[in-house]
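As provided, protein-v7.csv (CSV, C-alpha atoms and all ligand atoms) reads as follows.
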chain,number,residue,atom,x,y,z
A,1,MET,CA,0.1,-14.8,16.8
A,2,ARG,CA,1.4,-18.2,15.9
A,3,THR,CA,-1.1,-20.0,13.7
A,4,ALA,CA,-1.5,-22.8,11.2
A,5,LEU,CA,-5.0,-21.6,10.5
A,6,LYS,CA,-5.8,-20.4,7.0
A,7,SER,CA,-5.5,-16.6,7.0
A,8,PHE,CA,-7.9,-14.1,5.7
A,9,ALA,CA,-6.2,-11.5,7.9
A,10,SER,CA,-3.8,-9.9,5.4
A,11,ASP,CA,-1.9,-10.4,2.2
A,12,ASN,CA,1.1,-10.0,4.4
A,13,ASN,CA,0.4,-13.6,5.5
A,14,ALA,CA,0.7,-15.1,2.1
A,15,PRO,CA,3.9,-17.0,1.2
A,16,VAL,CA,6.5,-15.7,-1.1
A,17,HIS,CA,5.7,-16.4,-4.8
A,18,LYS,CA,7.7,-19.2,-6.3
A,19,ALA,CA,8.9,-17.0,-9.1
A,20,VAL,CA,10.2,-14.4,-6.6
A,21,PHE,CA,12.2,-17.1,-4.8
A,22,ARG,CA,13.5,-18.4,-8.1
A,23,ALA,CA,14.7,-14.9,-9.1
A,24,MET,CA,16.4,-14.6,-5.7
A,25,MET,CA,18.1,-17.9,-6.2
A,26,GLU,CA,19.2,-16.9,-9.6
A,27,ALA,CA,20.7,-13.7,-8.1
A,28,ASN,CA,22.4,-15.9,-5.6
A,29,GLN,CA,25.3,-16.8,-7.8
A,30,GLY,CA,28.8,-15.7,-7.0
A,31,ASP,CA,29.8,-12.3,-5.7
A,32,ALA,CA,28.1,-9.1,-6.5
A,33,ILE,CA,29.0,-5.6,-5.4
A,34,GLY,CA,26.9,-4.5,-2.4
A,35,TYR,CA,24.6,-1.6,-1.8
A,36,GLY,CA,23.0,-1.6,-5.3
A,37,ASP,CA,26.0,-1.5,-7.7
A,38,ASP,CA,25.1,-4.9,-9.1
A,39,ILE,CA,23.6,-6.1,-12.3
A,40,HIS,CA,20.4,-7.3,-10.7
A,41,THR,CA,19.7,-3.9,-9.2
A,42,LEU,CA,20.4,-2.2,-12.5
A,43,GLU,CA,18.1,-4.6,-14.3
A,44,ALA,CA,15.3,-4.1,-11.8
A,45,GLU,CA,15.7,-0.4,-11.9
A,46,GLN,CA,15.4,-0.5,-15.7
A,47,LYS,CA,12.2,-2.5,-15.5
A,48,ILE,CA,10.7,0.1,-13.1
A,49,LYS,CA,11.9,2.8,-15.5
A,50,GLU,CA,10.1,1.1,-18.3
A,51,LEU,CA,6.9,1.4,-16.3
A,52,PHE,CA,7.3,5.0,-15.2
A,53,GLY,CA,9.7,6.7,-17.7
A,54,LYS,CA,13.5,6.5,-17.9
A,55,ASP,CA,14.1,9.8,-16.1
A,56,VAL,CA,12.5,8.7,-12.8
A,57,ARG,CA,14.7,8.0,-9.7
A,58,VAL,CA,14.3,4.6,-8.1
A,59,TYR,CA,15.5,3.6,-4.7
A,60,PHE,CA,14.9,0.1,-3.3
A,61,MET,CA,13.8,-0.2,0.2
A,62,LEU,CA,13.1,-3.0,2.7
A,63,THR,CA,9.7,-2.1,4.3
A,64,GLY,CA,6.6,-0.1,3.4
A,65,THR,CA,6.9,1.9,6.5
A,66,GLY,CA,10.5,2.7,5.7
A,67,ALA,CA,9.6,3.8,2.2
A,68,ASN,CA,6.9,6.1,3.5
A,69,VAL,CA,8.9,7.6,6.3
A,70,ALA,CA,12.1,8.1,4.2
A,71,ALA,CA,10.2,9.6,1.3
A,72,LEU,CA,8.3,11.9,3.6
A,73,SER,CA,11.2,13.0,5.7
A,74,HIS,CA,13.2,13.8,2.6
A,75,ILE,CA,10.6,16.2,1.2
A,76,THR,CA,9.6,18.0,4.4
A,77,ARG,CA,11.2,20.0,7.2
A,78,PRO,CA,10.1,19.4,10.8
A,79,TYR,CA,7.9,22.5,10.9
A,80,HIS,CA,5.8,21.1,8.1
A,81,ALA,CA,2.5,19.2,8.2
A,82,ILE,CA,1.5,16.1,6.2
A,83,ILE,CA,-2.2,15.8,5.3
A,84,CYS,CA,-3.5,12.3,5.1
A,85,SER,CA,-6.7,10.4,5.7
A,86,ASP,CA,-7.7,9.4,9.2
A,87,LYS,CA,-7.6,5.8,8.0
A,88,ALA,CA,-4.0,6.2,6.6
A,89,HIS,CA,-1.4,3.6,7.5
A,90,LEU,CA,0.9,6.5,8.2
A,91,GLU,CA,-1.5,7.7,10.9
A,92,ASN,CA,-2.6,4.4,12.4
A,93,ASP,CA,0.0,1.6,11.8
A,94,GLU,CA,3.5,3.0,11.7
A,95,CYS,CA,3.9,3.4,15.4
A,96,GLY,CA,4.4,7.2,15.1
A,97,ALA,CA,7.4,6.7,12.9
A,98,PRO,CA,6.3,9.4,10.4
A,99,GLU,CA,6.0,11.9,13.3
A,100,LYS,CA,9.3,10.8,14.9
A,101,MET,CA,11.3,10.7,11.7
A,102,THR,CA,9.9,13.7,9.9
A,103,GLY,CA,9.1,15.9,12.9
A,104,CYS,CA,6.0,16.9,11.1
A,105,LYS,CA,2.4,16.9,12.4
A,106,LEU,CA,0.0,14.6,10.6
A,107,HIS,CA,-3.3,16.3,9.8
A,108,GLN,CA,-6.1,13.8,9.4
A,109,VAL,CA,-8.8,14.2,6.9
A,110,PRO,CA,-12.0,12.4,8.1
A,111,SER,CA,-12.9,9.6,5.8
A,112,VAL,CA,-15.2,6.6,5.8
A,113,ASP,CA,-13.8,4.8,2.8
A,114,GLY,CA,-10.1,5.8,3.3
A,115,LYS,CA,-10.2,8.3,0.5
A,116,ILE,CA,-9.5,12.0,0.7
A,117,ARG,CA,-11.9,14.2,-1.4
A,118,VAL,CA,-10.4,17.4,-2.9
A,119,GLU,CA,-13.3,19.4,-1.5
A,120,GLN,CA,-12.1,18.5,2.0
A,121,LEU,CA,-8.7,20.0,1.6
A,122,GLN,CA,-9.1,23.8,1.7
A,123,PRO,CA,-9.7,24.0,5.5
A,124,PHE,CA,-6.3,22.3,6.1
A,125,LEU,CA,-4.5,25.2,4.6
A,126,LYS,CA,-5.8,27.8,7.0
A,127,SER,CA,-2.6,27.7,9.0
A,128,LYS,CA,-0.4,28.5,5.9
A,129,GLY,CA,1.8,31.5,6.5
A,130,PHE,CA,0.9,31.7,10.2
A,131,GLN,CA,4.2,31.3,12.1
A,132,HIS,CA,2.6,29.6,15.1
A,133,HIS,CA,1.3,26.7,13.1
A,134,SER,CA,2.8,23.7,11.3
A,135,GLN,CA,3.0,24.5,7.6
A,136,PRO,CA,1.1,22.0,5.3
A,137,LYS,CA,3.6,20.6,2.7
A,138,VAL,CA,2.5,17.2,1.6
A,139,ILE,CA,-0.8,15.4,0.8
A,140,SER,CA,-0.3,11.7,1.3
A,141,ILE,CA,-2.8,9.4,-0.3
A,142,THR,CA,-2.9,5.6,-0.2
A,143,GLN,CA,-3.6,3.5,-3.3
A,144,ALA,CA,-5.4,1.2,-2.8
A,145,THR,CA,-6.6,2.6,0.5
A,146,GLU,CA,-6.6,0.9,3.8
A,147,MET,CA,-10.3,0.3,3.3
A,148,GLY,CA,-9.7,-1.5,0.0
A,149,THR,CA,-11.1,1.3,-2.1
A,150,VAL,CA,-9.3,3.0,-5.0
A,151,TYR,CA,-8.7,6.5,-6.2
A,152,HIS,CA,-9.6,7.0,-9.9
A,153,PRO,CA,-6.8,8.8,-11.8
A,154,GLU,CA,-9.0,11.9,-12.1
A,155,GLU,CA,-9.4,12.0,-8.3
A,156,VAL,CA,-5.7,11.8,-7.9
A,157,ARG,CA,-5.3,14.5,-10.6
A,158,ALA,CA,-7.7,16.8,-8.8
A,159,ILE,CA,-5.8,16.4,-5.5
A,160,ALA,CA,-2.5,16.9,-7.2
A,161,ARG,CA,-3.7,20.1,-8.9
A,162,PHE,CA,-4.9,21.4,-5.6
A,163,ALA,CA,-1.6,20.5,-4.0
A,164,HIS,CA,0.6,22.1,-6.6
A,165,GLU,CA,-1.5,25.2,-6.7
A,166,HIS,CA,-0.8,25.6,-3.0
A,167,ASP,CA,2.9,24.6,-3.1
A,168,LEU,CA,2.3,21.2,-1.6
A,169,TYR,CA,3.7,17.8,-2.8
A,170,VAL,CA,1.7,14.6,-3.4
A,171,HIS,CA,3.0,11.4,-1.9
A,172,MET,CA,1.3,8.1,-2.7
A,173,ASP,CA,1.6,5.2,-0.4
A,174,GLY,CA,1.4,2.5,-3.0
A,175,ALA,CA,1.9,-0.6,-0.8
A,176,ARG,CA,-1.1,-2.1,-2.8
A,177,ILE,CA,-0.8,-0.1,-6.0
A,178,ALA,CA,-0.9,-3.3,-8.0
A,179,ASN,CA,-4.3,-4.2,-6.6
A,180,ALA,CA,-5.5,-0.7,-7.5
A,181,ALA,CA,-4.1,-0.9,-11.0
A,182,ALA,CA,-5.8,-4.3,-11.5
A,183,SER,CA,-9.1,-2.9,-10.2
A,184,LEU,CA,-9.0,0.3,-12.3
A,185,ASP,CA,-7.5,-1.4,-15.4
A,186,ALA,CA,-5.2,1.5,-15.5
A,187,SER,CA,-1.4,1.7,-16.1
A,188,LEU,CA,0.9,2.4,-13.2
A,189,VAL,CA,2.2,5.5,-14.9
A,190,GLU,CA,-1.3,6.9,-15.5
A,191,MET,CA,-2.2,6.4,-11.9
A,192,THR,CA,0.9,8.1,-10.6
A,193,ARG,CA,3.2,10.3,-12.6
A,194,PHE,CA,0.5,11.3,-15.2
A,195,SER,CA,-1.9,12.1,-12.4
A,196,GLY,CA,0.6,14.5,-10.7
A,197,VAL,CA,2.1,12.3,-7.9
A,198,ASP,CA,5.5,13.6,-6.9
A,199,VAL,CA,6.8,10.6,-5.1
A,200,LEU,CA,5.5,7.0,-4.7
A,201,SER,CA,6.1,4.3,-2.1
A,202,PHE,CA,6.0,1.4,-4.6
A,203,GLY,CA,5.1,-1.8,-3.0
A,204,ALA,CA,5.7,-5.4,-4.0
A,205,THR,CA,5.7,-7.3,-0.7
A,206,LYS,CA,2.0,-7.5,-0.3
A,207,ASN,CA,1.6,-8.8,-3.8
A,208,GLY,CA,3.9,-11.9,-3.6
A,209,ALA,CA,7.4,-10.6,-2.9
A,210,MET,CA,9.3,-11.3,0.4
A,211,ALA,CA,10.5,-7.8,1.3
A,212,ALA,CA,10.7,-5.5,-1.7
A,213,GLU,CA,9.6,-1.8,-1.7
A,214,ALA,CA,10.9,1.2,-3.6
A,215,VAL,CA,10.7,4.9,-3.5
A,216,VAL,CA,10.1,6.3,-6.9
A,217,PHE,CA,10.5,10.0,-7.5
A,218,PHE,CA,8.7,11.5,-10.5
A,219,ASN,CA,9.7,15.0,-9.4
A,220,ARG,CA,13.4,14.6,-9.9
A,221,GLU,CA,14.4,17.7,-8.0
A,222,LEU,CA,12.9,16.2,-4.9
A,223,ALA,CA,15.1,13.1,-5.3
A,224,LYS,CA,18.3,15.1,-4.8
A,225,ASP,CA,20.4,13.5,-2.1
A,226,PHE,CA,17.8,10.9,-1.3
A,227,GLU,CA,20.5,8.2,-1.1
A,228,TYR,CA,21.7,9.9,2.1
A,229,THR,CA,18.2,9.9,3.6
A,230,ARG,CA,17.8,6.3,2.7
A,231,LYS,CA,21.0,5.4,4.5
A,232,GLN,CA,20.1,7.4,7.5
A,233,SER,CA,16.7,5.7,7.5
A,234,MET,CA,18.5,2.4,7.7
A,235,GLN,CA,16.8,1.2,4.5
A,236,LEU,CA,20.0,0.7,2.4
A,237,MET,CA,20.4,-3.0,2.1
A,238,SER,CA,24.0,-4.2,1.7
A,239,LYS,CA,23.1,-7.3,-0.3
A,240,MET,CA,20.7,-5.3,-2.5
A,241,ARG,CA,20.5,-7.9,-5.2
A,242,TYR,CA,18.1,-9.9,-3.0
A,243,VAL,CA,15.7,-7.0,-2.9
A,244,SER,CA,16.0,-5.8,-6.5
A,245,SER,CA,15.7,-9.4,-7.9
A,246,GLN,CA,12.3,-9.6,-6.3
A,247,PHE,CA,11.2,-6.5,-8.2
A,248,TYR,CA,12.6,-8.0,-11.4
A,249,ALA,CA,10.6,-11.1,-10.9
A,250,MET,CA,7.4,-9.1,-10.3
A,251,HIS,CA,7.9,-6.7,-13.2
A,252,SER,CA,9.9,-8.5,-15.9
A,253,GLY,CA,6.6,-9.9,-17.0
A,254,ASN,CA,3.0,-9.6,-15.8
A,255,LEU,CA,3.4,-11.4,-12.5
A,256,TRP,CA,2.5,-8.2,-10.5
A,257,LEU,CA,-0.7,-7.8,-12.4
A,258,GLU,CA,-1.7,-11.5,-12.4
A,259,ASN,CA,-1.2,-11.7,-8.7
A,260,ALA,CA,-3.2,-8.6,-8.0
A,261,LYS,CA,-6.0,-9.5,-10.4
A,262,HIS,CA,-6.3,-12.9,-8.7
A,263,ALA,CA,-6.3,-11.5,-5.2
A,264,ASN,CA,-9.0,-9.0,-6.2
A,265,ALA,CA,-11.0,-11.7,-7.9
A,266,MET,CA,-11.0,-13.8,-4.8
A,267,ALA,CA,-12.3,-10.8,-2.7
A,268,HIS,CA,-15.1,-10.2,-5.2
A,269,MET,CA,-16.0,-13.9,-5.1
A,270,LEU,CA,-16.1,-13.8,-1.3
A,271,ALA,CA,-18.3,-10.7,-1.3
A,272,GLU,CA,-20.6,-12.1,-3.9
A,273,LYS,CA,-21.1,-15.3,-2.0
A,274,ILE,CA,-21.8,-13.6,1.4
A,275,LYS,CA,-23.7,-10.6,0.3
A,276,ASP,CA,-27.2,-12.2,0.7
A,277,ILE,CA,-26.5,-13.7,4.1
A,278,PRO,CA,-29.0,-11.8,6.3
A,279,SER,CA,-26.7,-11.3,9.3
A,280,VAL,CA,-23.7,-10.2,7.2
A,281,LYS,CA,-23.4,-6.6,6.1
A,282,ILE,CA,-20.6,-5.6,3.8
A,283,THR,CA,-19.5,-2.1,4.8
A,284,GLN,CA,-17.1,-1.0,2.1
A,285,LYS,CA,-17.1,-1.1,-1.7
A,286,VAL,CA,-15.1,-4.2,-2.7
A,287,GLU,CA,-12.7,-2.7,-5.2
A,288,THR,CA,-9.5,-4.6,-4.4
A,289,ASN,CA,-8.6,-7.5,-2.1
A,290,ALA,CA,-10.3,-6.6,1.1
A,291,VAL,CA,-13.9,-7.2,2.3
A,292,PHE,CA,-15.1,-5.4,5.4
A,293,ALA,CA,-18.2,-6.7,7.0
A,294,ILE,CA,-20.3,-6.5,10.1
A,295,ILE,CA,-21.2,-9.9,11.5
A,296,PRO,CA,-22.6,-10.9,14.9
A,297,PRO,CA,-19.9,-10.7,17.7
A,298,GLU,CA,-20.4,-14.3,18.6
A,299,ALA,CA,-19.9,-15.3,15.0
A,300,ILE,CA,-16.5,-13.5,15.0
A,301,GLU,CA,-15.3,-15.6,17.9
A,302,LYS,CA,-16.5,-18.9,16.4
A,303,LEU,CA,-14.9,-18.1,13.0
A,304,GLN,CA,-11.7,-17.1,14.5
A,305,ARG,CA,-11.3,-20.6,16.0
A,306,ARG,CA,-11.1,-21.8,12.4
A,307,TYR,CA,-9.6,-18.9,10.5
A,308,PHE,CA,-7.1,-16.2,11.3
A,309,PHE,CA,-8.4,-12.6,10.6
A,310,TYR,CA,-8.7,-9.3,12.4
A,311,THR,CA,-11.6,-7.6,14.0
A,312,TRP,CA,-11.4,-4.2,12.4
A,313,ASP,CA,-13.8,-2.3,14.7
A,314,ALA,CA,-14.9,-4.2,17.8
A,315,ALA,CA,-17.5,-1.6,18.7
A,316,LYS,CA,-19.3,-2.1,15.4
A,317,SER,CA,-18.5,-5.9,15.3
A,318,GLU,CA,-16.8,-5.2,12.0
A,319,VAL,CA,-14.2,-7.5,10.5
A,320,ARG,CA,-11.7,-7.2,7.7
A,321,TRP,CA,-11.1,-10.2,5.4
A,322,MET,CA,-8.2,-10.0,3.0
A,323,THR,CA,-7.4,-12.2,0.1
A,324,SER,CA,-4.0,-12.6,-1.6
A,325,TYR,CA,-2.4,-14.0,-4.8
A,326,ASP,CA,-2.4,-17.5,-3.2
A,327,THR,CA,-6.1,-17.6,-2.1
A,328,THR,CA,-7.9,-20.3,-4.0
A,329,GLU,CA,-11.5,-20.6,-5.0
A,330,LYS,CA,-11.7,-23.6,-2.7
A,331,ASP,CA,-10.4,-21.5,0.2
A,332,ILE,CA,-13.3,-19.1,-0.5
A,333,GLU,CA,-15.9,-21.9,-0.8
A,334,GLN,CA,-14.7,-23.3,2.6
A,335,PHE,CA,-14.6,-19.9,4.2
A,336,VAL,CA,-18.1,-19.0,3.1
A,337,THR,CA,-19.4,-22.3,4.5
A,338,ALA,CA,-17.7,-21.5,7.8
A,339,ILE,CA,-19.2,-18.0,7.8
A,340,ARG,CA,-22.6,-19.4,7.2
A,341,GLU,CA,-22.2,-21.9,10.0
A,342,ALA,CA,-20.9,-19.3,12.3
A,343,VAL,CA,-23.7,-16.8,11.7
A,344,GLU,CA,-26.6,-19.2,11.2
A,345,GLN,CA,-26.0,-21.5,14.1
A,346,PRO,CA,-27.1,-20.2,17.5
B,401,LIG,C1,-1.2,0.8,3.1
B,401,LIG,C2,0.1,0.4,3.7
B,401,LIG,N1,1.1,1.1,3.7
B,401,LIG,C3,2.3,0.8,4.2
B,401,LIG,C4,2.4,-0.4,4.9
B,401,LIG,C5,3.7,-0.7,5.6
B,401,LIG,O1,4.4,-1.8,5.2
B,401,LIG,P1,5.4,-2.6,6.2
B,401,LIG,O2,4.6,-3.4,7.1
B,401,LIG,O3,6.3,-3.3,5.2
B,401,LIG,O4,6.2,-1.6,6.9
B,401,LIG,C6,1.3,-1.3,5.0
B,401,LIG,C7,1.4,-2.6,5.7
B,401,LIG,O5,0.5,-3.3,5.9
B,401,LIG,C8,0.1,-0.9,4.4
B,401,LIG,O6,-1.0,-1.6,4.4
Re-express the file's structure as structure tokens.
Ligand SMILES: Cc1ncc(COP(=O)(O)O)c(C=O)c1O
Amino acid sequence: MRTALKSFASDNNAPVHKAVFRAMMEANQGDAIGYGDDIHTLEAEQKIKELFGKDVRVYFMLTGTGANVAALSHITRPYHAIICSDKAHLENDECGAPEKMTGCKLHQVPSVDGKIRVEQLQPFLKSKGFQHHSQPKVISITQATEMGTVYHPEEVRAIARFAHEHDLYVHMDGARIANAAASLDASLVEMTRFSGVDVLSFGATKNGAMAAEAVVFFNRELAKDFEYTRKQSMQLMSKMRYVSSQFYAMHSGNLWLENAKHANAMAHMLAEKIKDIPSVKITQKVETNAVFAIIPPEAIEKLQRRYFFYTWDAAKSEVRWMTSYDTTEKDIEQFVTAIREAVEQP
């Protein structure tokens, strides 16, 4: 959709943060060896190692789907199954790439808020050891979830304990891990490595970068030969410095956290200002930068003439509004006024 309308559709619609562009411009000096053997990539890798520990393995990628699919295909065989929430991006929004590229079945755990509960997992193991069925091998969780909720580190730990007891790995889709960290006030390492995650799709794009994702292996044995999987997955960027310098910009200081805190604060502000409007019903806990709400169907149409956002579930007349690092308080004030007008005027 081509639009000049202000977007509350997705943090994907926000512009690239100035500091990210600046870092890319700074990296844009002279020649640099391609495919990651350059100083910018080395420096960005070091920054990520400062976050997670110097022994982790870091591979820069171009897209979140690419990171998920490459990571999962590397740690599975085609006869495996990947357990994920029925709301998972893997399941709904990757055009079947996980199934195509891994050959695995996706087993969906029913969920209202996007989260998997450890108590739900046992039945998904019933096919283990039965040669006619796909063999569960990975539990993939999304942090923050597609519904804007977050897993507390102890919830991740419980899932990881269960996974490892049953010879399964834990993959975390961290496309919005920054928003989750800001919400939980927890460190990235506590939420991932210290909670038992084996491999992370580490996102920066949704938080102000242009196209910067990484696969980070905490379980180093699993990382073996991943460079070949990345290449076969068409995620090895020749001019790597332009990807890695984006990560450097985000993680050389606190930009990643400031951006995520701001995006979350704007969603909270929006929720706070609309929560008492009688015909608006917020449907999910607002924990990061998304607000889900049911509003009258005719109000959706009216509002969409002025703002760009998605109807999440047309049958329920539920919408998703997302904020980003560049959403301003004024944007929220104006949007709230528009929501009131749309729902209150017949
Ligand atoms: C939770 C989650 N994971 C992965 C992705 C995939 O990212 P990309 O669009 O860069 O492939 C998205 C994109 O919106 C997402 O929301």
*asked:* Just to confirm, what's the straight-line distance from CA of Arg305 in chain A to CA of Asn259 in chain A in Å (one decimal)?
replied: 28.1 Å
Output the neighbourhood of ligand LIG 401 (chain B) as a short mmCIF file (atom, residue, chain, number, x, y, z; two decimals) with C-alpha atoms, in the coordinates of the input, that is, all protein and nucleic acid residues with some atom at most 9 Å from the ligand, counting only C-alpha atoms and all ligand atoms.
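File written: pocket26.cif
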data_model
loop_
_atom_site.label_atom_id
_atom_site.label_comp_id
_atom_site.auth_asym_id
_atom_site.auth_seq_id
_atom_site.Cartn_x
_atom_site.Cartn_y
_atom_site.Cartn_z
CA SER A 10 -3.80 -9.90 5.40
CA ASP A 11 -1.90 -10.40 2.20
CA ASN A 12 1.10 -10.00 4.40
CA LEU A 62 13.10 -3.00 2.70
CA THR A 63 9.70 -2.10 4.30
CA GLY A 64 6.60 -0.10 3.40
CA THR A 65 6.90 1.90 6.50
CA GLY A 66 10.50 2.70 5.70
CA ALA A 67 9.60 3.80 2.20
CA ASN A 68 6.90 6.10 3.50
CA ALA A 88 -4.00 6.20 6.60
CA HIS A 89 -1.40 3.60 7.50
CA LEU A 90 0.90 6.50 8.20
CA ASP A 93 0.00 1.60 11.80
CA GLU A 94 3.50 3.00 11.70
CA THR A 142 -2.90 5.60 -0.20
CA GLN A 143 -3.60 3.50 -3.30
CA ALA A 144 -5.40 1.20 -2.80
CA THR A 145 -6.60 2.60 0.50
CA GLU A 146 -6.60 0.90 3.80
CA ASP A 173 1.60 5.20 -0.40
CA GLY A 174 1.40 2.50 -3.00
CA ALA A 175 1.90 -0.60 -0.80
CA ARG A 176 -1.10 -2.10 -2.80
CA SER A 201 6.10 4.30 -2.10
CA GLY A 203 5.10 -1.80 -3.00
CA THR A 205 5.70 -7.30 -0.70
CA LYS A 206 2.00 -7.50 -0.30
CA ALA A 211 10.50 -7.80 1.30
CA ALA A 212 10.70 -5.50 -1.70
CA GLU A 213 9.60 -1.80 -1.70
#
For Leu200 in chain A, please output as a PDB file with C-alpha atoms, keeping the file's coordinate frame all residues within 12 Å (counting only C-alpha atoms; exclusion window: fewer than 4 positions along the same chain).
ATOM      1  CA  PHE A  52       7.300   5.000 -15.200  1.00  0.00           C
ATOM      2  CA  VAL A  56      12.500   8.700 -12.800  1.00  0.00           C
ATOM      3  CA  ARG A  57      14.700   8.000  -9.700  1.00  0.00           C
ATOM      4  CA  VAL A  58      14.300   4.600  -8.100  1.00  0.00           C
ATOM      5  CA  TYR A  59      15.500   3.600  -4.700  1.00  0.00           C
ATOM      6  CA  PHE A  60      14.900   0.100  -3.300  1.00  0.00           C
ATOM      7  CA  GLY A  64       6.600  -0.100   3.400  1.00  0.00           C
ATOM      8  CA  ALA A  67       9.600   3.800   2.200  1.00  0.00           C
ATOM      9  CA  ASN A  68       6.900   6.100   3.500  1.00  0.00           C
ATOM     10  CA  VAL A  69       8.900   7.600   6.300  1.00  0.00           C
ATOM     11  CA  ALA A  70      12.100   8.100   4.200  1.00  0.00           C
ATOM     12  CA  ALA A  71      10.200   9.600   1.300  1.00  0.00           C
ATOM     13  CA  LEU A  72       8.300  11.900   3.600  1.00  0.00           C
ATOM     14  CA  ILE A 139      -0.800  15.400   0.800  1.00  0.00           C
ATOM     15  CA  SER A 140      -0.300  11.700   1.300  1.00  0.00           C
ATOM     16  CA  ILE A 141      -2.800   9.400  -0.300  1.00  0.00           C
ATOM     17  CA  THR A 142      -2.900   5.600  -0.200  1.00  0.00           C
ATOM     18  CA  GLN A 143      -3.600   3.500  -3.300  1.00  0.00           C
ATOM     19  CA  TYR A 169       3.700  17.800  -2.800  1.00  0.00           C
ATOM     20  CA  VAL A 170       1.700  14.600  -3.400  1.00  0.00           C
ATOM     21  CA  HIS A 171       3.000  11.400  -1.900  1.00  0.00           C
ATOM     22  CA  MET A 172       1.300   8.100  -2.700  1.00  0.00           C
ATOM     23  CA  ASP A 173       1.600   5.200  -0.400  1.00  0.00           C
ATOM     24  CA  GLY A 174       1.400   2.500  -3.000  1.00  0.00           C
ATOM     25  CA  ALA A 175       1.900  -0.600  -0.800  1.00  0.00           C
ATOM     26  CA  ARG A 176      -1.100  -2.100  -2.800  1.00  0.00           C
ATOM     27  CA  ILE A 177      -0.800  -0.100  -6.000  1.00  0.00           C
ATOM     28  CA  LEU A 188       0.900   2.400 -13.200  1.00  0.00           C
ATOM     29  CA  VAL A 189       2.200   5.500 -14.900  1.00  0.00           C
ATOM     30  CA  MET A 191      -2.200   6.400 -11.900  1.00  0.00           C
ATOM     31  CA  THR A 192       0.900   8.100 -10.600  1.00  0.00           C
ATOM     32  CA  ARG A 193       3.200  10.300 -12.600  1.00  0.00           C
ATOM     33  CA  SER A 195      -1.900  12.100 -12.400  1.00  0.00           C
ATOM     34  CA  GLY A 196       0.600  14.500 -10.700  1.00  0.00           C
ATOM     35  CA  GLU A 213       9.600  -1.800  -1.700  1.00  0.00           C
ATOM     36  CA  ALA A 214      10.900   1.200  -3.600  1.00  0.00           C
ATOM     37  CA  VAL A 215      10.700   4.900  -3.500  1.00  0.00           C
ATOM     38  CA  VAL A 216      10.100   6.300  -6.900  1.00  0.00           C
ATOM     39  CA  PHE A 217      10.500  10.000  -7.500  1.00  0.00           C
ATOM     40  CA  PHE A 218       8.700  11.500 -10.500  1.00  0.00           C
ATOM     41  CA  ASN A 219       9.700  15.000  -9.400  1.00  0.00           C
ATOM     42  CA  LEU A 222      12.900  16.200  -4.900  1.00  0.00           C
ATOM     43  CA  ALA A 223      15.100  13.100  -5.300  1.00  0.00           C
TER      44      ALA A 223
END
_I'd like to know which of A:Glu272, A:Glu258, A:Glu26, A:Asp38 is closest to Ala182 in chain A, using all atoms listed in the file._
A:Glu258
*Any idea what the distance is between CA of Gly148 in chain A and CA of Met24 in chain A?*
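Going from CA of Gly148 in chain A over to CA of Met24 in chain A, I get 29.8 Å.
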*Contacts of range 327-332 of chain A at 8 Å or less, counting only C-alpha atoms, minus same-chain residues fewer than 3 places along, as a list of chain:residue names?*
A:Ala263, A:Met266, A:Met269, A:Leu270, A:Thr323, A:Ser324, A:Phe335, A:Val336
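Remark: for Gln131 in chain A, the closest of the candidate residues A:Phe308, A:Tyr79, A:Tyr228, A:Tyr151 is A:Tyr79 (distances computed over only C-alpha atoms).
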Tell me which residues come within 9 Å of (-6.2, 13.3, -7.3), as a compact mmCIF listing (two decimals) with C-alpha atoms, in the coordinates of the input, counting all atoms listed in the file in the file's coordinates.
# COMPACT_ATOMS: atom_id res chain seq x y z
CA ILE A 116 -9.50 12.00 0.70
CA ARG A 117 -11.90 14.20 -1.40
CA VAL A 118 -10.40 17.40 -2.90
CA ILE A 141 -2.80 9.40 -0.30
CA TYR A 151 -8.70 6.50 -6.20
CA HIS A 152 -9.60 7.00 -9.90
CA PRO A 153 -6.80 8.80 -11.80
CA GLU A 154 -9.00 11.90 -12.10
CA GLU A 155 -9.40 12.00 -8.30
CA VAL A 156 -5.70 11.80 -7.90
CA ARG A 157 -5.30 14.50 -10.60
CA ALA A 158 -7.70 16.80 -8.80
CA ILE A 159 -5.80 16.40 -5.50
CA ALA A 160 -2.50 16.90 -7.20
CA ARG A 161 -3.70 20.10 -8.90
CA PHE A 162 -4.90 21.40 -5.60
CA VAL A 170 1.70 14.60 -3.40
CA SER A 195 -1.90 12.10 -12.40
CA GLY A 196 0.60 14.50 -10.70
CA VAL A 197 2.10 12.30 -7.90
_Between A:Ala314, A:Ile282, A:Ile277, A:Leu51, which residue has the minimum interatomic distance to Val343 in chain A, considering only C-alpha atoms?_
A:Ile277
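Candidate residues A:His107, A:Arg340, A:His262, A:Arg230 were compared for distance to Lys302 in chain A, and the nearest is A:Arg340, using only C-alpha atoms.
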*Excluding same-chain residues fewer than 4 positions from Ile339 in chain A, what lies within 12 Å of it counting all atoms listed in the file, as an NGL selection string?*
:A and (270-271 or 273-275 or 277-280 or 293-296 or 298-307 or 319 or 321 or 332-335 or 343-345)
*Spatial neighbours of Lys87 in chain A, 9 Å, only C-alpha atoms, chain gap at least 4 places, as a PyMOL selection string*: chain A and resi 91-92+108-115+145-147
*Of the candidates A:Phe309, A:Asn207, A:Arg77, A:Ala180, which shows the shortest atom-to-atom distance to Met322 in chain A, using all atoms listed in the file?*
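Looking only at the distances to Met322 in chain A, the closest residue turns out to be A:Phe309.
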*asked:* What's the separation between CA of Leu236 in chain A and CA of Ile33 in chain A, in Å to one decimal place?
replied: 13.5 Å
